[in-house]
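Trainee: Contents are compact mmCIF, C-alpha atoms; file name entry.txt:
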```
# COMPACT_ATOMS: atom_id res chain seq x y z
CA MET A 1 86.32 105.08 79.77
CA VAL A 2 88.82 103.31 77.53
CA ARG A 3 89.14 99.59 78.32
CA MET A 4 92.64 98.21 77.96
CA THR A 5 94.34 94.88 78.50
CA THR A 6 97.94 94.46 79.54
CA PRO A 7 100.39 93.32 76.86
CA GLN A 8 102.16 89.97 77.00
CA ALA A 9 105.06 90.53 79.37
CA GLU A 10 108.65 89.63 78.79
CA LEU A 11 109.51 88.07 82.13
CA GLY A 12 112.76 88.54 84.00
CA TRP A 13 113.32 92.29 83.68
CA PRO A 14 114.31 94.18 86.84
CA ALA A 15 111.87 96.37 88.74
CA PRO A 16 112.59 100.06 88.13
CA ASP A 17 113.41 101.94 91.31
CA PHE A 18 111.24 104.84 92.44
CA GLU A 19 110.80 107.38 95.19
CA LEU A 20 107.23 108.57 95.58
CA PRO A 21 105.07 110.27 98.21
CA GLY A 22 102.68 108.03 100.09
CA VAL A 23 99.29 108.83 101.53
CA ASP A 24 100.83 108.27 104.97
CA GLY A 25 102.97 111.39 104.60
CA ARG A 26 106.30 109.70 103.96
CA ARG A 27 108.34 109.09 100.81
CA TRP A 28 108.71 105.48 99.68
CA ARG A 29 111.41 103.84 97.60
CA LEU A 30 111.13 100.41 96.01
CA ALA A 31 113.51 99.07 98.69
CA ASP A 32 111.04 100.17 101.40
CA CYS A 33 108.27 98.14 99.75
CA ARG A 34 110.31 95.06 98.95
CA GLY A 35 109.27 91.70 100.36
CA GLU A 36 111.71 89.02 101.45
CA ARG A 37 110.35 86.55 98.89
CA GLY A 38 108.54 88.79 96.45
CA THR A 39 107.12 92.21 95.71
CA LEU A 40 103.84 93.08 94.04
CA VAL A 41 103.66 96.51 92.39
CA MET A 42 100.07 97.44 91.55
CA PHE A 43 98.96 100.39 89.44
CA ILE A 44 95.49 101.34 90.62
CA CYS A 45 93.41 104.49 91.07
CA ASN A 46 90.30 105.61 92.89
CA HIS A 47 87.80 106.20 90.08
CA CYS A 48 88.23 103.14 87.84
CA PRO A 49 85.20 100.82 88.00
CA TYR A 50 87.47 97.81 87.41
CA VAL A 51 89.58 98.70 90.45
CA GLN A 52 86.50 99.52 92.53
CA ALA A 53 85.02 96.11 91.69
CA ILE A 54 88.08 94.17 92.86
CA LEU A 55 89.55 96.43 95.54
CA ASP A 56 88.33 94.34 98.47
CA ARG A 57 89.89 91.24 96.86
CA ILE A 58 93.16 93.12 96.29
CA ILE A 59 93.21 94.06 99.98
CA ARG A 60 92.42 90.48 101.02
CA ASP A 61 95.22 89.07 98.85
CA ALA A 62 97.74 91.69 100.01
CA ARG A 63 97.02 90.84 103.66
CA GLU A 64 97.47 87.11 103.00
CA LEU A 65 100.60 87.50 100.86
CA VAL A 66 102.49 89.05 103.78
CA GLY A 67 102.45 85.60 105.40
CA HIS A 68 104.28 84.25 102.34
CA GLY A 69 107.01 86.90 102.45
CA VAL A 70 105.46 89.02 99.70
CA ARG A 71 104.85 92.73 100.21
CA CYS A 72 102.63 94.92 98.07
CA VAL A 73 102.61 98.54 97.01
CA ALA A 74 99.94 100.45 95.06
CA ILE A 75 100.70 103.40 92.81
CA SER A 76 98.28 105.85 91.23
CA ALA A 77 99.59 107.65 88.16
CA ASN A 78 96.36 109.13 86.84
CA ASP A 79 96.12 112.82 86.01
CA PRO A 80 94.08 114.33 88.87
CA VAL A 81 93.36 117.48 86.85
CA THR A 82 91.29 115.47 84.40
CA TYR A 83 90.12 112.97 87.04
CA PRO A 84 89.71 114.82 90.39
CA GLU A 85 88.58 111.62 92.13
CA ASP A 86 92.19 110.45 91.72
CA SER A 87 93.65 113.46 93.57
CA PHE A 88 96.14 112.90 96.38
CA ASP A 89 93.57 113.99 99.00
CA ASN A 90 91.09 111.46 97.65
CA MET A 91 93.82 108.79 97.63
CA VAL A 92 94.37 109.51 101.35
CA ARG A 93 90.64 109.23 102.01
CA LEU A 94 90.27 105.91 100.16
CA ALA A 95 93.34 104.35 101.80
CA GLN A 96 92.03 105.29 105.26
CA GLU A 97 88.46 104.24 104.49
CA LYS A 98 89.59 100.81 103.23
CA ALA A 99 92.51 100.45 105.71
CA PHE A 100 95.00 99.62 102.95
CA PRO A 101 97.56 97.08 104.20
CA PHE A 102 100.12 98.46 101.71
CA PRO A 103 101.60 101.85 100.84
CA TYR A 104 99.53 103.87 98.37
CA LEU A 105 101.81 106.16 96.37
CA PHE A 106 101.24 109.04 93.96
CA ASP A 107 103.19 109.10 90.70
CA GLU A 108 102.43 112.71 89.80
CA SER A 109 105.08 112.89 87.05
CA GLN A 110 103.84 109.55 85.63
CA ASP A 111 107.51 108.59 85.15
CA VAL A 112 107.20 105.45 87.27
CA ALA A 113 104.16 104.20 85.34
CA ARG A 114 106.07 104.75 82.10
CA ALA A 115 109.18 102.98 83.47
CA TYR A 116 107.08 99.93 84.34
CA GLY A 117 105.12 100.06 81.10
CA ALA A 118 101.81 100.29 82.97
CA VAL A 119 98.85 100.69 80.65
CA CYS A 120 95.73 100.29 82.75
CA THR A 121 94.21 100.18 86.21
CA PRO A 122 94.58 97.65 87.60
CA ASP A 123 97.99 96.57 86.24
CA PHE A 124 99.87 94.04 88.38
CA PHE A 125 103.64 93.42 88.32
CA GLY A 126 104.83 90.49 90.44
CA PHE A 127 108.55 90.36 91.19
CA ASP A 128 110.66 87.66 92.82
CA ALA A 129 113.06 88.12 95.75
CA ASP A 130 115.66 89.57 93.36
CA LEU A 131 113.11 92.04 91.94
CA ARG A 132 112.86 90.28 88.56
CA LEU A 133 109.42 90.23 86.90
CA ARG A 134 107.73 86.82 87.22
CA TYR A 135 104.03 87.69 86.84
CA ARG A 136 102.04 90.25 84.90
CA GLY A 137 98.44 89.28 84.76
CA ARG A 138 94.99 89.60 86.16
CA LEU A 139 93.75 89.29 89.74
CA ASP A 140 91.45 86.40 88.89
CA GLU A 141 89.24 85.07 86.16
CA SER A 142 86.11 86.85 87.34
CA ARG A 143 86.98 90.27 85.90
CA LYS A 144 84.67 92.90 87.42
CA GLU A 145 82.01 90.75 89.05
CA PRO A 146 83.17 88.09 91.53
CA GLN A 147 82.52 84.58 90.25
CA PRO A 148 82.01 81.70 92.68
CA GLY A 149 85.01 79.40 92.59
CA ALA A 150 87.15 81.79 90.52
CA ARG A 151 90.85 80.93 90.82
CA ARG A 152 92.85 83.55 92.69
CA GLU A 153 95.42 83.75 89.88
CA LEU A 154 97.45 86.70 91.18
CA PHE A 155 97.55 85.33 94.73
CA GLU A 156 98.50 81.83 93.54
CA ALA A 157 101.15 83.25 91.20
CA MET A 158 102.77 85.31 93.95
CA VAL A 159 102.74 82.36 96.38
CA GLN A 160 104.45 80.30 93.65
CA VAL A 161 106.99 83.10 93.11
CA ALA A 162 107.65 83.23 96.85
CA ARG A 163 108.19 79.46 97.02
CA THR A 164 110.07 78.80 93.78
CA GLY A 165 111.26 82.13 92.38
CA GLU A 166 109.25 81.46 89.20
CA GLY A 167 105.81 82.54 88.10
CA PRO A 168 103.22 80.38 86.33
CA ALA A 169 103.83 79.43 82.71
CA GLU A 170 100.34 80.57 81.72
CA GLN A 171 99.36 84.15 82.52
CA TRP A 172 96.24 86.04 81.42
CA PRO A 173 96.28 89.81 80.91
CA SER A 174 94.72 92.21 83.35
CA MET A 175 91.91 94.39 82.05
CA GLY A 176 90.88 97.84 83.17
CA CYS A 177 90.66 101.54 82.41
CA SER A 178 93.53 103.15 80.56
CA ILE A 179 96.04 105.16 82.58
CA LYS A 180 94.93 108.78 82.39
CA TRP A 181 98.05 110.42 80.97
CA ARG A 182 98.48 114.17 81.41
CA GLY A 183 97.60 116.13 78.32
CA GLU A 184 95.55 113.33 76.76
CA GLY A 185 92.21 114.29 78.29
CA GLY A 186 91.49 110.75 79.48
```
Output the file's structure in the form of structure tokens.

Mentor:
Amino acid sequence: MVRMTTPQAELGWPAPDFELPGVDGRRWRLADCRGERGTLVMFICNHCPYVQAILDRIIRDARELVGHGVRCVAISANDPVTYPEDSFDNMVRLAQEKAFPFPYLFDESQDVARAYGAVCTPDFFGFDADLRLRYRGRLDESRKEPQPGARRELFEAMVQVARTGEGPAEQWPSMGCSIKWRGEGG
């Protein structure tokens, strides 16, 4: 497992469009995932211990963000040949088991992850109503293990984006496992 942190983001760039298969059997475009006041694009996977540790909090935040006009989408770009737990069938299983309140999409070509500049799982990209990047940071300050009283940084940032169109001035990088690029062996 290679631990990575997200780079400092240049805010304001437009969300790259995509069309990817979802675990629900349909194809999803960015426009299908877009929220009225904001859109959160999350790069996750099944096997990463960082994602596993925070997945219930991601689901909680995604459910609550809908009430603020923010919709979420999760994308897995990991190579399932090297990491079979991240296969499409296992993505379907996890999404059903956890009752994901957002589309879970498979980026088999890894082109979407590259277009976004995703480097790890989890990697969060928070966009405003015009699909301009306003947040790229961590879920909260607790990292893998939940900490009592930890600020819900991602949730608070996306609520701020929904209300004002701007993200917080201070943003801390997300940390997780590296994206498992094809041909790199993990």

Trainee: Of the candidates A:Phe88, A:Phe18, A:Trp172, A:Phe43, which shows the shortest atom-to-atom distance to Ser142 of chain A, using all atoms listed in the file?

Mentor: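 Under the stated criterion, the closest residue is A:Trp172.
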
Trainee: Compare A:Arg26, A:Arg37, A:Arg151, A:Arg138 by their minimum atom-to-atom distance to Tyr50 of chain A, counting all atoms listed in the file, and give me the closest one.

Mentor: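 Of A:Arg26, A:Arg37, A:Arg151, A:Arg138, the one nearest Tyr50 of chain A, counting all atoms listed in the file, is A:Arg138.
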
Trainee: Near Ala95 of chain A, counting only C-alpha atoms, which residues have an atom at most 12 Å away, once you skip same-chain residues fewer than 2 positions from it, shown as a PyMOL selection string?

Mentor: chain A and resi 22-24+44-46+55-56+59+73-76+86+88-93+97-105

Trainee: I need the residues from that last selection saved to file as a tab-separated table (two decimals), in the coordinates of the input (with C-alpha atoms), if you can.

Mentor:
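Wrote it out as selection15.tsv, contents follow:
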```tsv
chain	number	residue	atom	x	y	z
A	22	GLY	CA	102.68	108.03	100.09
A	23	VAL	CA	99.29	108.83	101.53
A	24	ASP	CA	100.83	108.27	104.97
A	44	ILE	CA	95.49	101.34	90.62
A	45	CYS	CA	93.41	104.49	91.07
A	46	ASN	CA	90.30	105.61	92.89
A	55	LEU	CA	89.55	96.43	95.54
A	56	ASP	CA	88.33	94.34	98.47
A	59	ILE	CA	93.21	94.06	99.98
A	73	VAL	CA	102.61	98.54	97.01
A	74	ALA	CA	99.94	100.45	95.06
A	75	ILE	CA	100.70	103.40	92.81
A	76	SER	CA	98.28	105.85	91.23
A	86	ASP	CA	92.19	110.45	91.72
A	88	PHE	CA	96.14	112.90	96.38
A	89	ASP	CA	93.57	113.99	99.00
A	90	ASN	CA	91.09	111.46	97.65
A	91	MET	CA	93.82	108.79	97.63
A	92	VAL	CA	94.37	109.51	101.35
A	93	ARG	CA	90.64	109.23	102.01
A	97	GLU	CA	88.46	104.24	104.49
A	98	LYS	CA	89.59	100.81	103.23
A	99	ALA	CA	92.51	100.45	105.71
A	100	PHE	CA	95.00	99.62	102.95
A	101	PRO	CA	97.56	97.08	104.20
A	102	PHE	CA	100.12	98.46	101.71
A	103	PRO	CA	101.60	101.85	100.84
A	104	TYR	CA	99.53	103.87	98.37
A	105	LEU	CA	101.81	106.16	96.37
```

Trainee: For each of A:Phe127, A:Phe155, A:Trp181, A:Tyr135, take the minimum atom-to-atom distance to Arg34 of chain A, counting all atoms listed in the file, then give the residue where this is smallest.

Mentor: A:Phe127

Trainee: Might you pull out every residue within 6 Å of segment 66-69 of chain A, with only C-alpha atoms counted and same-chain residues fewer than 3 positions away left off, and present them as a list of chain:residue names?

Mentor: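 Counting only the stated atoms, we get A:Gly35, A:Glu36, A:Arg37, A:Arg63.
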
Trainee: Output as AutoDock Vina command-line options the centre and edge lengths (Å, one decimal) of the box along x, y and z of the file that holds every listed atom of segment 157-164 of chain A after adding 8 Å on each side.

Mentor:
```
--center_x 105.6 --center_y 82.1 --center_z 94.1 --size_x 24.9 --size_y 22.5 --size_z 21.8
```

Trainee: Go through A:Val70, A:Cys48, A:Val161, A:Val81 and flag the residue nearest Ser178 of chain A, using all atoms listed in the file for the distances.

Mentor: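 Going through A:Val70, A:Cys48, A:Val161, A:Val81 one by one, the smallest distance to Ser178 of chain A is for A:Cys48.
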
Trainee: Point out the residue among A:Asp140, A:Glu145, A:Asp128, A:Glu85 with the least atom-to-atom distance to Pro14 of chain A, counting only C-alpha atoms.

Mentor: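 Closest to Pro14 of chain A of all the choices is A:Asp128.
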
Trainee: Between atom CA of Pro122 of chain A and atom CA of Cys177 of chain A, what is the distance in Å, rounded to a tenth?

Mentor: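 Between atom CA of Pro122 of chain A and atom CA of Cys177 of chain A the gap works out to 7.6 Å.
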
Trainee: Mind pulling up the distance from atom CA of Gly137 of chain A to atom CA of Ile54 of chain A?

Mentor: 14.0 Å

Trainee: Would you please work out which residue, of A:Asp130, A:Asp123, A:Glu141, A:Glu170, is nearest to Val51 of chain A when using all atoms listed in the file?

Mentor: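 Of all the options, A:Asp123 lies closest to Val51 of chain A.
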
Trainee: What does the distance between atom CA of Asp17 of chain A and atom CA of Ala113 of chain A come to in Å, to one decimal place?

Mentor: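 Straight-line distance from atom CA of Asp17 of chain A to atom CA of Ala113 of chain A works out to 11.2 Å.
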
Trainee: With all atoms listed in the file as the counted atoms, please give the residues lying no more than 10 Å from Lys180 of chain A, apart from itself and same-chain residues fewer than 3 positions off, as a VMD selection string.

Mentor: chain A and resid 1 to 2 45 76 to 83 86 110 119 to 121 177 183 to 186

Trainee: Please fill the gaps in segment 84-95 of chain A so it has all heavy atoms, and write that as an mmCIF file, in the coordinates of the input.

Mentor:
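Final file, part.cif:
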```cif
data_model
loop_
_atom_site.group_PDB
_atom_site.id
_atom_site.type_symbol
_atom_site.label_atom_id
_atom_site.label_comp_id
_atom_site.auth_asym_id
_atom_site.auth_seq_id
_atom_site.Cartn_x
_atom_site.Cartn_y
_atom_site.Cartn_z
ATOM 1 N N PRO A 84 89.546 114.336 89.016
ATOM 2 C CA PRO A 84 89.710 114.820 90.390
ATOM 3 C C PRO A 84 89.525 113.741 91.455
ATOM 4 O O PRO A 84 90.092 113.849 92.537
ATOM 5 C CB PRO A 84 88.647 115.917 90.528
ATOM 6 C CG PRO A 84 88.337 116.346 89.130
ATOM 7 C CD PRO A 84 88.565 115.131 88.268
ATOM 8 N N GLU A 85 88.763 112.706 91.160
ATOM 9 C CA GLU A 85 88.580 111.620 92.130
ATOM 10 C C GLU A 85 89.909 110.923 92.435
ATOM 11 O O GLU A 85 90.075 110.302 93.475
ATOM 12 C CB GLU A 85 87.555 110.610 91.614
ATOM 13 C CG GLU A 85 87.100 109.647 92.685
ATOM 14 C CD GLU A 85 85.986 108.725 92.216
ATOM 15 O OE1 GLU A 85 85.292 109.068 91.234
ATOM 16 O OE2 GLU A 85 85.822 107.662 92.837
ATOM 17 N N ASP A 86 90.883 111.066 91.533
ATOM 18 C CA ASP A 86 92.190 110.450 91.720
ATOM 19 C C ASP A 86 93.212 111.407 92.339
ATOM 20 O O ASP A 86 94.410 111.123 92.331
ATOM 21 C CB ASP A 86 92.724 109.916 90.375
ATOM 22 C CG ASP A 86 91.896 108.749 89.871
ATOM 23 O OD1 ASP A 86 91.311 108.022 90.684
ATOM 24 O OD2 ASP A 86 91.836 108.569 88.639
ATOM 25 N N SER A 87 92.741 112.515 92.920
ATOM 26 C CA SER A 87 93.650 113.460 93.570
ATOM 27 C C SER A 87 94.310 112.825 94.780
ATOM 28 O O SER A 87 93.823 111.828 95.339
ATOM 29 C CB SER A 87 92.885 114.717 94.007
ATOM 30 O OG SER A 87 92.060 114.393 95.134
ATOM 31 N N PHE A 88 95.415 113.418 95.214
ATOM 32 C CA PHE A 88 96.140 112.900 96.380
ATOM 33 C C PHE A 88 95.238 112.878 97.612
ATOM 34 O O PHE A 88 95.217 111.902 98.356
ATOM 35 C CB PHE A 88 97.406 113.726 96.628
ATOM 36 C CG PHE A 88 98.291 113.125 97.673
ATOM 37 C CD1 PHE A 88 99.110 112.045 97.378
ATOM 38 C CD2 PHE A 88 98.301 113.629 98.958
ATOM 39 C CE1 PHE A 88 99.924 111.472 98.348
ATOM 40 C CE2 PHE A 88 99.115 113.075 99.937
ATOM 41 C CZ PHE A 88 99.925 111.996 99.628
ATOM 42 N N ASP A 89 94.469 113.954 97.831
ATOM 43 C CA ASP A 89 93.570 113.990 99.000
ATOM 44 C C ASP A 89 92.552 112.858 98.951
ATOM 45 O O ASP A 89 92.246 112.247 99.984
ATOM 46 C CB ASP A 89 92.842 115.338 99.081
ATOM 47 C CG ASP A 89 93.761 116.474 99.501
ATOM 48 O OD1 ASP A 89 94.852 116.203 100.051
ATOM 49 O OD2 ASP A 89 93.389 117.647 99.271
ATOM 50 N N ASN A 90 92.040 112.566 97.767
ATOM 51 C CA ASN A 90 91.090 111.460 97.650
ATOM 52 C C ASN A 90 91.776 110.103 97.794
ATOM 53 O O ASN A 90 91.158 109.139 98.260
ATOM 54 C CB ASN A 90 90.322 111.555 96.332
ATOM 55 C CG ASN A 90 89.241 112.611 96.403
ATOM 56 O OD1 ASN A 90 88.613 112.815 97.430
ATOM 57 N ND2 ASN A 90 89.033 113.321 95.311
ATOM 58 N N MET A 91 93.048 110.020 97.391
ATOM 59 C CA MET A 91 93.820 108.790 97.630
ATOM 60 C C MET A 91 93.950 108.547 99.142
ATOM 61 O O MET A 91 93.766 107.423 99.613
ATOM 62 C CB MET A 91 95.202 108.887 97.001
ATOM 63 C CG MET A 91 95.218 108.839 95.489
ATOM 64 S SD MET A 91 96.884 109.180 94.831
ATOM 65 C CE MET A 91 97.870 107.884 95.590
ATOM 66 N N VAL A 92 94.257 109.609 99.889
ATOM 67 C CA VAL A 92 94.370 109.510 101.350
ATOM 68 C C VAL A 92 93.058 109.006 101.928
ATOM 69 O O VAL A 92 93.036 108.074 102.746
ATOM 70 C CB VAL A 92 94.754 110.878 101.968
ATOM 71 C CG1 VAL A 92 94.653 110.839 103.489
ATOM 72 C CG2 VAL A 92 96.146 111.311 101.531
ATOM 73 N N ARG A 93 91.961 109.613 101.500
ATOM 74 C CA ARG A 93 90.640 109.230 102.010
ATOM 75 C C ARG A 93 90.340 107.759 101.747
ATOM 76 O O ARG A 93 89.929 107.029 102.650
ATOM 77 C CB ARG A 93 89.557 110.107 101.345
ATOM 78 C CG ARG A 93 88.132 109.771 101.781
ATOM 79 C CD ARG A 93 87.088 110.446 100.885
ATOM 80 N NE ARG A 93 87.288 110.246 99.458
ATOM 81 C CZ ARG A 93 87.023 109.116 98.800
ATOM 82 N NH1 ARG A 93 86.573 108.058 99.428
ATOM 83 N NH2 ARG A 93 87.225 109.030 97.488
ATOM 84 N N LEU A 94 90.569 107.296 100.512
ATOM 85 C CA LEU A 94 90.270 105.910 100.160
ATOM 86 C C LEU A 94 91.145 104.933 100.951
ATOM 87 O O LEU A 94 90.648 103.922 101.463
ATOM 88 C CB LEU A 94 90.459 105.674 98.660
ATOM 89 C CG LEU A 94 90.164 104.259 98.174
ATOM 90 C CD1 LEU A 94 88.688 103.900 98.371
ATOM 91 C CD2 LEU A 94 90.572 104.099 96.721
ATOM 92 N N ALA A 95 92.426 105.240 101.069
ATOM 93 C CA ALA A 95 93.340 104.350 101.800
ATOM 94 C C ALA A 95 92.928 104.234 103.262
ATOM 95 O O ALA A 95 92.980 103.136 103.842
ATOM 96 C CB ALA A 95 94.768 104.850 101.679
#
```
